[in-house]
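Trainee: Next up, model-v9.cif (mmCIF, C-alpha atoms).
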```cif
data_work
#
loop_
_atom_site.label_atom_id
_atom_site.label_comp_id
_atom_site.auth_asym_id
_atom_site.auth_seq_id
_atom_site.Cartn_x
_atom_site.Cartn_y
_atom_site.Cartn_z
CA MET C 1 23.24 144.87 2.03
CA LYS C 2 25.68 145.14 -0.88
CA ARG C 3 28.54 145.81 1.54
CA LEU C 4 27.71 142.65 3.46
CA LEU C 5 27.51 140.67 0.24
CA ASP C 6 30.95 142.03 -0.73
CA VAL C 7 32.34 140.55 2.49
CA ALA C 8 30.53 137.22 2.13
CA THR C 9 31.53 136.68 -1.50
CA LYS C 10 35.14 137.57 -0.77
CA ALA C 11 35.15 135.14 2.16
CA ALA C 12 33.76 132.37 -0.04
CA ILE C 13 36.25 133.03 -2.84
CA GLU C 14 39.24 133.08 -0.49
CA ALA C 15 38.07 129.93 1.31
CA SER C 16 37.63 128.26 -2.09
CA LYS C 17 41.32 128.65 -2.83
CA GLU C 18 42.40 126.76 0.26
CA VAL C 19 39.64 124.15 0.13
CA LEU C 20 40.46 123.32 -3.49
CA ARG C 21 44.22 123.26 -2.84
CA LEU C 22 43.78 120.70 -0.06
CA TYR C 23 41.28 118.75 -2.15
CA LYS C 24 43.93 118.34 -4.85
CA GLU C 25 47.07 118.02 -2.73
CA GLY C 26 45.73 116.02 0.23
CA PHE C 27 43.83 116.56 3.46
CA SER C 28 43.40 114.90 6.83
CA VAL C 29 40.12 113.47 8.14
CA SER C 30 38.87 112.97 11.68
CA ILE C 31 35.51 111.91 13.13
CA LYS C 32 33.40 114.26 15.27
CA GLU C 33 31.29 113.28 18.26
CA ASP C 34 28.22 112.94 16.04
CA LYS C 35 30.15 110.39 13.93
CA SER C 36 30.35 112.71 10.91
CA PRO C 37 33.69 113.42 9.22
CA VAL C 38 35.57 116.69 9.40
CA THR C 39 38.68 117.58 7.41
CA ASN C 40 41.38 120.15 7.84
CA GLY C 41 39.76 121.73 4.77
CA ASP C 42 36.59 122.35 6.81
CA LEU C 43 38.59 123.88 9.64
CA LYS C 44 40.75 126.07 7.41
CA ALA C 45 37.70 127.32 5.49
CA ASN C 46 35.98 128.07 8.80
CA GLU C 47 38.98 130.11 9.92
CA ILE C 48 39.13 132.11 6.68
CA ILE C 49 35.39 132.80 6.50
CA THR C 50 34.96 133.79 10.15
CA ASP C 51 37.97 136.11 9.94
CA TYR C 52 36.26 138.02 7.11
CA LEU C 53 32.78 138.03 8.64
CA ARG C 54 33.97 139.34 12.01
CA SER C 55 34.65 142.67 10.32
CA THR C 56 30.87 143.17 10.04
CA SER C 57 30.32 142.91 13.83
CA ILE C 58 27.36 140.56 13.16
CA PRO C 59 27.29 137.35 15.25
CA ILE C 60 28.42 134.12 13.57
CA LEU C 61 27.02 130.60 13.84
CA SER C 62 29.15 127.95 12.13
CA GLU C 63 29.00 124.18 11.97
CA GLU C 64 32.69 124.05 12.87
CA SER C 65 32.72 126.52 15.77
CA GLU C 66 31.62 126.20 19.37
CA LYS C 67 27.86 126.78 19.58
CA GLU C 68 26.34 129.60 21.59
CA SER C 69 23.79 128.94 24.32
CA GLU C 70 20.10 129.01 23.44
CA GLU C 71 19.75 132.17 25.54
CA VAL C 72 22.40 133.95 23.49
CA LEU C 73 20.96 132.70 20.19
CA SER C 74 17.51 133.98 21.17
CA SER C 75 18.93 137.52 21.38
CA TRP C 76 20.29 137.43 17.82
CA GLN C 77 17.96 139.21 15.42
CA LYS C 78 20.43 138.78 12.57
CA TYR C 79 23.45 136.51 12.27
CA TRP C 80 25.79 134.81 9.85
CA CYS C 81 25.21 131.09 9.45
CA ILE C 82 27.98 129.19 7.68
CA ASP C 83 28.92 125.70 6.63
CA PRO C 84 32.61 125.87 5.65
CA ILE C 85 32.23 122.68 3.60
CA ASP C 86 28.70 121.44 3.09
CA GLY C 87 28.97 117.85 1.90
CA THR C 88 32.16 116.92 3.73
CA GLN C 89 31.53 113.26 2.90
CA GLU C 90 31.55 114.19 -0.80
CA TYR C 91 34.78 116.10 -0.25
CA VAL C 92 36.31 113.01 1.35
CA ASN C 93 34.95 110.73 -1.39
CA LYS C 94 36.30 113.07 -4.09
CA THR C 95 32.97 113.40 -5.95
CA GLY C 96 33.41 117.19 -6.21
CA GLU C 97 29.85 117.64 -4.92
CA TYR C 98 30.63 119.85 -1.94
CA CYS C 99 30.18 123.58 -1.45
CA ILE C 100 30.95 126.50 0.81
CA SER C 101 27.72 127.97 2.20
CA ILE C 102 27.28 131.40 3.81
CA GLY C 103 23.91 132.84 4.79
CA LEU C 104 22.70 135.88 6.70
CA LEU C 105 19.71 134.83 8.79
CA THR C 106 16.92 136.29 10.84
CA PRO C 107 14.53 134.05 12.79
CA GLU C 108 12.14 134.32 9.82
CA THR C 109 14.28 134.00 6.71
CA SER C 110 17.61 134.31 4.89
CA LEU C 111 18.58 137.81 3.73
CA LEU C 112 21.77 136.97 1.85
CA GLY C 113 23.49 133.87 0.57
CA VAL C 114 26.56 132.53 -1.18
CA LEU C 115 27.11 128.99 -2.48
CA ALA C 116 30.56 128.23 -3.87
CA ALA C 117 31.47 124.85 -5.37
CA PRO C 118 35.03 125.19 -6.69
CA SER C 119 35.39 121.60 -7.93
CA LEU C 120 32.19 121.97 -9.97
CA GLY C 121 32.98 125.53 -11.12
CA LEU C 122 29.72 126.88 -9.64
CA PHE C 123 29.31 130.17 -7.75
CA TYR C 124 25.92 131.63 -6.75
CA PHE C 125 25.21 134.75 -4.71
CA ALA C 126 22.09 136.65 -3.66
CA ALA C 127 20.88 139.38 -1.36
CA GLU C 128 17.74 141.27 -0.46
CA GLY C 129 17.24 144.21 -2.81
CA LEU C 130 19.73 142.87 -5.38
CA GLY C 131 18.40 139.53 -6.57
CA SER C 132 19.99 136.14 -7.13
CA PHE C 133 22.90 135.52 -9.52
CA LYS C 134 25.12 132.82 -10.99
CA TRP C 135 28.70 133.60 -11.99
CA GLU C 136 29.18 132.89 -15.72
CA GLY C 137 32.95 133.10 -16.00
CA ARG C 138 35.61 130.52 -15.22
CA TYR C 139 35.91 129.86 -11.51
CA GLU C 140 39.59 130.84 -11.52
CA GLU C 141 38.62 134.34 -12.68
CA LEU C 142 36.93 134.90 -9.32
CA TYR C 143 40.33 134.90 -7.62
CA ASP C 144 41.42 137.89 -9.68
CA LEU C 145 38.35 139.86 -8.60
CA SER C 146 38.42 139.19 -4.86
CA ASP C 147 40.53 142.28 -4.10
CA LYS C 148 38.14 144.63 -5.89
CA GLU C 149 36.60 147.27 -3.63
CA ASN C 150 33.07 146.87 -5.03
CA LEU C 151 33.23 143.12 -5.48
CA THR C 152 29.49 142.55 -5.93
CA ASP C 153 29.32 145.05 -8.80
CA GLU C 154 32.26 143.30 -10.49
CA LEU C 155 30.65 139.89 -10.05
CA ILE C 156 27.32 141.02 -11.46
CA LYS C 157 29.01 142.22 -14.66
CA ASN C 158 29.75 138.61 -15.58
CA SER C 159 26.77 136.86 -13.97
CA VAL C 160 23.27 135.89 -15.02
CA LYS C 161 20.33 136.96 -12.89
CA LEU C 162 18.34 133.95 -11.77
CA SER C 163 14.68 133.82 -12.62
CA ILE C 164 14.90 130.92 -15.04
CA LYS C 165 12.26 128.28 -15.67
CA PRO C 166 13.45 124.77 -16.59
CA GLU C 167 13.09 123.51 -20.14
CA LEU C 168 13.49 119.80 -19.48
CA GLU C 169 12.04 116.83 -21.30
CA GLU C 170 11.31 114.99 -18.06
CA TYR C 171 10.41 116.24 -14.59
CA THR C 172 13.78 116.20 -12.83
CA ILE C 173 14.19 115.93 -9.07
CA LEU C 174 17.47 116.23 -7.21
CA THR C 175 17.90 114.19 -4.04
CA SER C 176 20.62 113.65 -1.48
CA ARG C 177 23.43 111.27 -2.37
CA SER C 178 24.27 110.35 1.24
CA ASN C 179 21.00 110.97 3.10
CA PHE C 180 18.25 109.56 0.89
CA SER C 181 15.70 108.20 3.37
CA ALA C 182 12.52 106.14 3.28
CA ILE C 183 10.39 109.30 3.36
CA ASP C 184 12.33 110.64 0.35
CA GLU C 185 11.66 107.42 -1.56
CA GLU C 186 7.97 107.57 -0.69
CA TYR C 187 7.78 111.14 -1.97
CA TYR C 188 9.62 110.16 -5.16
CA GLN C 189 7.05 107.44 -5.83
CA GLU C 190 4.25 110.00 -5.40
CA LEU C 191 5.94 112.29 -7.95
CA LYS C 192 6.11 109.43 -10.47
CA LYS C 193 2.35 109.06 -10.22
CA GLU C 194 1.85 112.80 -10.72
CA TYR C 195 4.31 113.46 -13.54
CA HIS C 196 4.77 109.95 -15.04
CA ASN C 197 8.18 110.72 -16.61
CA VAL C 198 10.43 111.56 -13.67
CA THR C 199 14.22 111.59 -13.55
CA LYS C 200 15.86 111.31 -10.13
CA LEU C 201 19.43 112.57 -9.76
CA ARG C 202 21.30 111.93 -6.52
CA MET C 203 23.92 114.50 -5.64
CA GLY C 204 25.74 115.90 -2.62
CA SER C 205 25.48 119.26 -0.81
CA ALA C 206 23.27 122.35 -0.94
CA ILE C 207 24.62 123.27 -4.36
CA LYS C 208 21.48 121.47 -5.58
CA ILE C 209 19.47 124.51 -4.48
CA GLY C 210 21.45 126.67 -6.90
CA LEU C 211 20.89 124.18 -9.71
CA VAL C 212 17.13 124.32 -9.18
CA ALA C 213 17.25 128.13 -9.04
CA GLU C 214 18.95 128.24 -12.45
CA GLY C 215 16.50 125.82 -14.02
CA LYS C 216 18.75 122.77 -14.25
CA ALA C 217 16.15 120.73 -12.33
CA ASN C 218 12.49 121.10 -11.39
CA GLU C 219 12.81 120.22 -7.75
CA TYR C 220 15.07 119.36 -4.85
CA ALA C 221 13.60 117.51 -1.89
CA ARG C 222 15.38 116.73 1.38
CA LEU C 223 12.64 115.48 3.67
CA SER C 224 14.68 114.42 6.69
CA PRO C 225 15.98 116.99 9.21
CA VAL C 226 18.80 119.36 8.27
CA ASN C 227 20.79 121.90 10.25
CA PHE C 228 20.35 125.64 9.77
CA TRP C 229 23.82 125.91 8.21
CA ASP C 230 22.94 123.27 5.61
CA ILE C 231 20.33 125.55 4.04
CA ALA C 232 21.12 129.14 5.09
CA GLY C 233 23.11 130.14 2.00
CA GLY C 234 20.95 128.28 -0.50
CA HIS C 235 17.73 129.69 0.96
CA ALA C 236 18.63 133.20 -0.18
CA ILE C 237 19.70 131.96 -3.63
CA ALA C 238 16.25 130.40 -4.09
CA LYS C 239 14.27 133.21 -2.46
CA TYR C 240 15.69 136.02 -4.54
CA ALA C 241 15.30 133.93 -7.69
CA GLY C 242 11.56 133.97 -6.98
CA LEU C 243 11.33 130.48 -5.48
CA GLU C 244 10.25 129.29 -2.05
CA ILE C 245 11.85 126.69 0.19
CA ILE C 246 8.92 124.98 1.86
CA ASP C 247 8.90 123.12 5.16
CA TYR C 248 7.69 119.66 4.15
CA HIS C 249 5.58 119.27 7.29
CA THR C 250 3.98 122.71 7.75
CA LYS C 251 3.78 123.44 3.98
CA LYS C 252 4.93 126.98 4.78
CA PRO C 253 8.23 128.75 4.01
CA VAL C 254 11.02 127.52 6.27
CA THR C 255 12.03 129.62 9.26
CA TYR C 256 14.91 129.56 11.73
CA LYS C 257 12.92 129.75 14.95
CA ASP C 258 13.80 126.36 16.43
CA ILE C 259 17.00 127.43 18.15
CA SER C 260 16.76 124.53 20.59
CA THR C 261 17.77 122.09 17.85
CA LEU C 262 19.07 124.41 15.10
CA LYS C 263 17.27 122.13 12.68
CA ILE C 264 14.61 122.26 9.96
CA PRO C 265 12.54 119.05 9.81
CA GLY C 266 12.74 118.66 6.03
CA TYR C 267 12.11 120.83 2.98
CA LYS C 268 11.58 121.02 -0.76
CA ILE C 269 12.06 123.63 -3.46
CA LYS C 270 10.27 123.60 -6.81
CA ASN C 271 10.87 125.42 -10.08
CA ILE C 272 8.08 124.56 -12.51
#
```
Output the file's structure as structure tokens, nothing else.
Mentor:
Amino acid sequence: MKRLLDVATKAAIEASKEVLRLYKEGFSVSIKEDKSPVTNGDLKANEIITDYLRSTSIPILSEESEKESEEVLSSWQKYWCIDPIDGTQEYVNKTGEYCISIGLLTPETSLLGVLAAPSLGLFYFAAEGLGSFKWEGRYEELYDLSDKENLTDELIKNSVKLSIKPELEEYTILTSRSNFSAIDEEYYQELKKEYHNVTKLRMGSAIKIGLVAEGKANEYARLSPVNFWDIAGGHAIAKYAGLEIIDYHTKKPVTYKDISTLKIPGYKIKNI
């Protein structure tokens, strides 16, 4: 698993360089069939990441690549699931709240994950048998490490292992900046009754999962449907930090069995 994490972290670091360069120097935007934006940063990151992951001979599912048929997907017992830029709208709006997400999925769970948010200086990585970690150095220092043969070992030397409980004065919940729905508001009102002093912070992308895993918030709830690639990387970060991502409807850990839609109906993660 460490070898696979070496590849995934290197892919995320190298994609970060190009994504951040375009973010600063300028990028183009077009609209996809589903009316969501896509930038040349998304497409370039997709190219970089898939080039690295192909070396593992494990199938790849990406938001920005042509989707396989349901029959083909049903034969995959393990596959990479990537979102080259999660939070493209935040990238376009220049909030900095976007991230690169790479996960290694089975139908049941996520075995490995990387979340990289270069504009926020945040880098999380996790894998089965290793645990979940947050890089503690400057983000730019990652670029100097990416050519190391045992990249994971080098990263761990300057990272903190995640199993951290929040020490917050108020119960803090993270919610979506762009997709905060009526069901999310209803749930927020229920939390206020339960905890009385509740702070709600709206923010973009799956980087919120990493923030909960490191104790910066008590909870993240996204109760409307999300795609597999929106959660695949963050799922492993949470899981190997000792937290569960729960399907809001079934109240059980999320799975990746619904290959007909490639969606999860809504989820929450708590660290209390």
Trainee: Please enumerate the residues selected by the PyMOL selection byres ((chain C and resi 137-140) around 10) when evaluated against the supplied file, formatted as JSON, numbers by chain.
Mentor: {"C": [13, 16, 17, 116, 117, 118, 119, 120, 121, 122, 123, 134, 135, 136, 141, 142, 143, 144, 145, 155, 158, 159]}
Trainee: Write out as a PyMOL selection string which residues come within 9 Å of Met203 (chain C) when counting all atoms listed in the file, dropping same-chain ones fewer than 6 positions away.
Mentor: chain C and resi 97+174-178
Trainee: Ranking C:Gly233, C:Pro166, C:Gly210, C:Pro37 by minimum distance to Ser62 (chain C) and counting all atoms listed in the file, which one comes first?
Mentor: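 Nearest candidate to Ser62 (chain C) out of C:Gly233, C:Pro166, C:Gly210, C:Pro37: C:Gly233.
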Trainee: Please evaluate the PyMOL selection byres ((chain C and resi 65) around 12) against the displayed coordinates and give the resulting residues as a ChimeraX atom specification.
Mentor: /C:42-47,49-50,60-64,66-68,81-84,229
Trainee: On this file, the PyMOL selection byres ((chain C and resi 168) around 9) gives some set of residues; write that set as a list in words.
Mentor: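 Given this file, the PyMOL selection byres ((chain C and resi 168) around 9) evaluates to Pro166, Glu167, Glu169, Glu170, Tyr171, Thr172, Gly215, Lys216, Ala217 and Asn218 of chain C.
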